[in-house]
$ cat start_6.cif   # mmCIF, C-alpha atoms
data_query
loop_
_atom_site.label_atom_id
_atom_site.label_comp_id
_atom_site.auth_asym_id
_atom_site.auth_seq_id
_atom_site.Cartn_x
_atom_site.Cartn_y
_atom_site.Cartn_z
CA MET G 261 -3.87 5.46 -3.78
CA LEU G 262 -6.59 6.76 -1.40
CA ALA G 263 -7.64 3.16 -0.74
CA HIS G 264 -4.05 2.23 0.07
CA GLN G 265 -3.77 5.20 2.42
CA MET G 266 -6.90 4.02 4.23
CA ALA G 267 -5.49 0.49 4.52
CA LEU G 268 -2.32 1.86 6.10
CA GLU G 269 -4.37 3.94 8.51
CA SER G 270 -6.72 1.19 9.68
CA PRO G 271 -6.20 -2.51 10.43
CA MET G 272 -9.85 -3.02 9.45
CA VAL G 273 -9.27 -1.86 5.87
CA GLU G 274 -7.73 -3.91 3.08
CA ALA G 275 -7.13 -2.32 -0.30
CA GLU G 276 -6.32 -4.03 -3.55
CA MET G 277 -5.57 -2.25 -6.81
CA VAL G 278 -6.75 -4.47 -9.65
CA GLU G 279 -5.60 -4.02 -13.22
CA ALA G 280 -9.01 -4.42 -14.85
CA MET G 281 -7.87 -5.71 -18.24
CA GLU G 282 -5.75 -8.49 -16.75
CA PHE G 283 -8.66 -9.79 -14.70
CA PRO G 284 -11.70 -9.46 -16.99
CA GLU G 285 -13.86 -11.96 -15.08
CA LEU G 286 -13.56 -10.02 -11.85
CA SER G 287 -14.12 -6.73 -13.70
CA GLU G 288 -17.23 -8.17 -15.29
CA ARG G 289 -18.55 -9.51 -12.00
CA PHE G 290 -18.41 -6.01 -10.53
CA HIS G 291 -19.64 -4.33 -13.74
CA VAL G 292 -16.56 -2.18 -14.20
CA SER G 293 -17.29 0.30 -16.98
CA GLY G 294 -15.18 3.30 -16.02
CA VAL G 295 -11.96 3.54 -14.05
CA PRO G 296 -11.00 3.98 -11.38
CA GLN G 297 -13.88 2.05 -9.87
CA THR G 298 -13.81 1.26 -6.18
CA THR G 299 -15.82 -1.76 -5.12
CA ILE G 300 -16.59 -1.93 -1.41
CA ASN G 301 -17.00 -5.32 0.30
CA ALA G 302 -17.55 -7.34 -2.86
CA GLY G 303 -20.26 -5.11 -4.29
CA ALA G 304 -22.00 -3.75 -1.18
CA GLY G 305 -20.97 -0.34 -2.50
CA THR G 306 -19.42 1.13 -5.62
CA VAL G 307 -17.70 4.41 -6.38
CA VAL G 308 -16.81 5.37 -9.93
CA GLY G 309 -14.09 7.90 -10.57
CA ALA G 310 -11.43 9.44 -8.36
CA VAL G 311 -13.31 10.97 -5.43
CA PRO G 312 -12.36 13.01 -2.36
CA GLU G 313 -11.85 11.32 1.00
CA ASP G 314 -15.22 12.33 2.46
CA HIS G 315 -17.07 10.95 -0.56
CA LEU G 316 -15.41 7.54 -0.25
CA ILE G 317 -16.05 7.53 3.52
CA HIS G 318 -19.71 8.28 2.87
CA GLU G 319 -19.98 5.34 0.46
CA ILE G 320 -18.19 3.03 2.91
CA GLN G 321 -20.67 4.03 5.63
CA ARG G 322 -23.55 3.33 3.28
CA ALA G 323 -22.12 -0.04 2.23
CA LEU G 324 -21.65 -1.06 5.87
CA ARG G 325 -25.28 -0.26 6.62
CA SER G 326 -26.64 -2.25 3.69
CA MET H 192 21.61 -8.43 -21.08
CA VAL H 193 17.94 -7.85 -20.29
CA ASN H 194 16.51 -4.51 -21.35
CA ARG H 195 15.53 -2.32 -18.45
CA LEU H 196 11.88 -1.27 -18.19
CA LEU H 197 12.71 2.05 -16.51
CA ASN H 198 14.95 4.38 -18.44
CA GLU H 199 17.80 6.31 -16.79
CA ASP H 200 15.73 9.48 -16.38
CA ILE H 201 12.88 7.75 -14.57
CA THR H 202 15.27 5.72 -12.44
CA ARG H 203 17.03 8.91 -11.34
CA GLN H 204 13.74 10.70 -10.60
CA VAL H 205 12.40 7.79 -8.57
CA SER H 206 15.67 7.46 -6.69
CA GLU H 207 15.60 11.18 -5.81
CA PHE H 208 11.96 10.98 -4.77
CA PHE H 209 12.80 8.02 -2.51
CA GLN H 210 15.31 10.04 -0.51
CA GLN H 211 12.38 10.92 1.76
CA LEU H 212 11.84 7.25 2.71
CA GLN H 213 12.08 6.64 6.44
CA GLU H 214 11.36 3.04 7.44
CA PRO H 215 11.95 -0.26 5.61
CA VAL H 216 9.35 -1.53 3.16
CA GLN H 217 9.14 -5.13 1.99
CA VAL H 218 7.41 -5.95 -1.28
CA LEU H 219 6.16 -9.53 -1.48
CA PHE H 220 5.80 -10.51 -5.10
CA PHE H 221 3.76 -13.57 -6.11
CA GLY H 222 4.12 -14.89 -9.62
CA SER H 223 3.04 -18.01 -11.43
CA LYS H 224 4.49 -20.17 -14.17
CA ASN H 225 1.05 -20.83 -15.61
CA ASN H 226 -0.91 -18.42 -17.77
CA CYS H 227 0.58 -15.27 -16.36
CA ASP H 228 1.24 -12.83 -19.18
CA TYR H 229 2.40 -9.98 -16.95
CA CYS H 230 4.30 -11.82 -14.20
CA GLU H 231 7.75 -11.47 -15.68
CA ASP H 232 7.35 -7.76 -16.55
CA THR H 233 5.87 -7.00 -13.15
CA ARG H 234 8.67 -8.81 -11.33
CA GLN H 235 11.27 -6.94 -13.37
CA LEU H 236 9.50 -3.61 -12.83
CA ILE H 237 9.31 -3.99 -9.06
CA GLU H 238 12.89 -5.26 -8.95
CA GLU H 239 14.06 -2.10 -10.71
CA VAL H 240 11.96 0.13 -8.44
CA VAL H 241 13.14 -1.61 -5.25
CA GLY H 242 16.72 -1.30 -6.50
CA THR H 243 16.57 2.50 -6.34
CA SER H 244 16.52 2.68 -2.52
CA ASP H 245 18.15 0.70 0.27
CA LYS H 246 14.99 1.19 2.34
CA LEU H 247 13.13 -1.14 -0.03
CA GLY H 248 13.32 -4.93 -0.11
CA LEU H 249 11.77 -7.54 -2.37
CA SER H 250 10.80 -11.16 -1.76
CA VAL H 251 9.80 -13.22 -4.78
CA TYR H 252 7.35 -16.11 -4.36
CA ASP H 253 5.36 -18.49 -6.51
CA ILE H 254 1.63 -18.62 -5.83
CA ASP H 255 1.61 -22.43 -6.20
CA GLN H 256 4.89 -23.36 -4.54
CA ASP H 257 4.32 -20.84 -1.74
CA ALA H 258 0.56 -21.39 -1.51
CA GLY H 259 0.48 -21.13 2.29
CA LEU H 260 2.15 -17.75 2.24
CA ALA H 261 -0.09 -16.54 -0.58
CA GLN H 262 -3.10 -17.53 1.49
CA GLN H 263 -1.70 -15.85 4.58
CA TYR H 264 -1.33 -12.60 2.66
CA LYS H 265 -4.63 -13.12 0.79
CA VAL H 266 -3.02 -13.09 -2.63
CA ASP H 267 -5.24 -14.97 -5.06
CA LYS H 268 -4.16 -13.56 -8.41
CA THR H 269 -0.90 -13.22 -10.30
CA PRO H 270 1.02 -11.10 -10.65
CA GLY H 271 0.20 -10.12 -7.08
CA MET H 272 2.11 -7.89 -4.71
CA VAL H 273 1.86 -7.02 -1.05
CA ILE H 274 3.38 -3.69 -0.02
CA ALA H 275 4.30 -4.31 3.59
CA GLY H 276 6.39 -2.65 6.24
CA ARG H 277 9.41 -4.38 7.71
CA ASP H 278 10.70 -4.14 11.24
CA GLY H 279 13.79 -6.31 11.60
CA ASP H 280 12.63 -9.78 10.57
CA GLN H 281 8.99 -8.92 11.07
CA ILE H 282 6.70 -8.22 8.10
CA LEU H 283 4.00 -5.65 8.86
CA ASP H 284 1.01 -6.40 6.66
CA TYR H 285 -1.19 -3.34 6.25
CA GLY H 286 -3.53 -5.01 3.76
CA ILE H 287 -2.08 -3.15 0.78
CA ARG H 288 -2.00 -5.15 -2.43
CA TYR H 289 -1.65 -4.92 -6.18
CA SER H 290 -3.11 -7.39 -8.65
CA GLY H 291 -1.69 -6.95 -12.12
CA ILE H 292 1.08 -4.77 -13.44
CA PRO H 293 1.26 -1.21 -12.04
CA SER H 294 2.29 0.51 -15.25
CA GLY H 295 1.32 3.76 -16.91
CA HIS H 296 -0.67 5.95 -14.55
CA GLU H 297 -0.51 3.25 -11.88
CA PHE H 298 3.26 3.49 -11.77
CA SER H 299 3.10 6.82 -9.94
CA SER H 300 0.49 5.37 -7.60
CA LEU H 301 2.90 2.53 -6.77
CA ILE H 302 5.71 4.98 -6.05
CA ASN H 303 3.44 7.03 -3.79
CA THR H 304 2.17 3.96 -1.96
CA LEU H 305 5.78 2.92 -1.27
CA VAL H 306 6.44 6.38 0.23
CA VAL H 307 3.29 6.31 2.37
CA VAL H 308 4.13 2.83 3.71
CA SER H 309 7.75 3.74 4.36
CA ASN H 310 6.78 6.84 6.27
CA ARG H 311 4.07 4.90 8.17
CA ASP H 312 1.80 7.91 7.69
CA SER H 313 -1.35 7.77 5.58
CA GLY H 314 -1.44 11.54 5.11
CA LEU H 315 -5.25 11.43 5.34
CA ASP H 316 -7.46 14.24 6.69
CA GLN H 317 -8.08 14.17 10.44
CA GLN H 318 -11.78 13.57 9.82
CA THR H 319 -11.01 10.50 7.73
CA ARG H 320 -8.59 9.21 10.38
CA ASP H 321 -11.26 9.66 13.05
CA PHE H 322 -13.79 7.71 11.02
CA LEU H 323 -11.32 4.90 10.32
CA SER H 324 -10.26 4.64 13.96
CA LYS H 325 -13.88 3.86 14.89
CA LEU H 326 -14.41 1.20 12.22
CA ASP H 327 -15.61 -2.03 13.80
CA LYS H 328 -16.33 -3.98 10.63
CA PRO H 329 -13.87 -5.09 7.99
CA VAL H 330 -13.77 -3.03 4.80
CA HIS H 331 -12.37 -4.56 1.63
CA LEU H 332 -11.72 -2.07 -1.14
CA GLN H 333 -10.97 -3.22 -4.66
CA VAL H 334 -9.93 -0.42 -6.95
CA PHE H 335 -10.17 -1.29 -10.62
CA VAL H 336 -7.74 0.61 -12.80
CA THR H 337 -6.28 0.49 -16.28
CA PRO H 338 -2.71 1.32 -17.30
CA THR H 339 -3.59 4.47 -19.25
#

$ encode --input "start_6.cif" --output "structure tokens"
Amino acid sequence: MLAHQMALESPMVEAEMVEAMEFPELSERFHVSGVPQTTINAGAGTVVGAVPEDHLIHEIQRALRS
Amino acid sequence: MVNRLLNEDITRQVSEFFQQLQEPVQVLFFGSKNNCDYCEDTRQLIEEVVGTSDKLGLSVYDIDQDAGLAQQYKVDKTPGMVIAGRDGDQILDYGIRYSGIPSGHEFSSLINTLVVVSNRDSGLDQQTRDFLSKLDKPVHLQVFVTPT
């Protein structure tokens, strides 16, 4: 939901909700162990659990620097 | 007659909740005839949801037959959905997608996403909006969820 809100807000953001059990290969590739798990730019960053906006922003910033 | 996925209670609640919708939303559904266990249920689910408000529209596509369109909207899995805005004939792609069936807990997330897109307002904190407005690199978020 937060990811979708960010996608609406910014043309630079795309957000895809993935039902983990239907796509086990993708879930495995990104080592999904708990949900929700947010993967940023194909693994440049990862956030596990539902987090507040500033936390996700912080992780996005970190992923963009890496 | 096909059994409905949403019972009368839920349908009424969703329909009442959708009275706040402002602008048209178009859901682009992509299914497949091959190895897609949840395509039919997902299509039926979104059809029932879209049917609760005249602000919501649904287009149904096949990821193979409509491969060009799937590529344009970056849909690479089925069932896949794009939650887009609509302005007349124009589809406004915000980069909002679902892969897999949005059931269980994800059902309420779907309903909320439809509201956010219809109202064209993310509802995010000002600080978050400021950060996003300065983004100069693409950010692709994939949120892994399970139905329960």

$ resolve_selection --input "start_6.cif" --expression "the PyMOL selection byres ((chain H and resi 229) around 10)" --output "list in words"
Glu282 of chain G; Gly222, Ser223, Asn226, Cys227, Asp228, Cys230, Glu231, Asp232, Thr233, Arg234, Thr269, Pro270, Gly291 and Ile292 of chain H

$ residues_around --input "start_6.cif" --residues "segment 268-278 of chain G" --least-positions-apart "2" --cutoff "8 Å" --atoms "all atoms listed in the file" --output "PyMOL selection string"
(chain G and resi 263-266+280+283) or (chain H and resi 285-291+308+311-313+320+323-324+326-336)

$ resolve_selection --input "start_6.cif" --expression "the PyMOL selection byres ((chain H and resi 210-219) around 9)" --output "ChimeraX atom specification"
/H:205-209,220-221,237,241,244-252,271-279,282-283,305-311

$ residues_around --input "start_6.cif" --residues "Thr306 of chain G" --least-positions-apart "6" --cutoff "12 Å" --atoms "all atoms listed in the file" --output "list in words"
Phe290, His291, Val292, Ser293, Gly294, Val295, Pro296, Gln297, Thr298, Thr299, Ile300, His315, Leu316, Ile317, His318, Glu319, Ile320, Gln321, Arg322, Ala323 and Leu324 of chain G; His331, Leu332, Gln333, Val334 and Phe335 of chain H

$ atom_distance --input "start_6.cif" --atom1 "atom CA of Val266 of chain H" --atom2 "atom CA of Asn301 of chain G"
16.3 Å
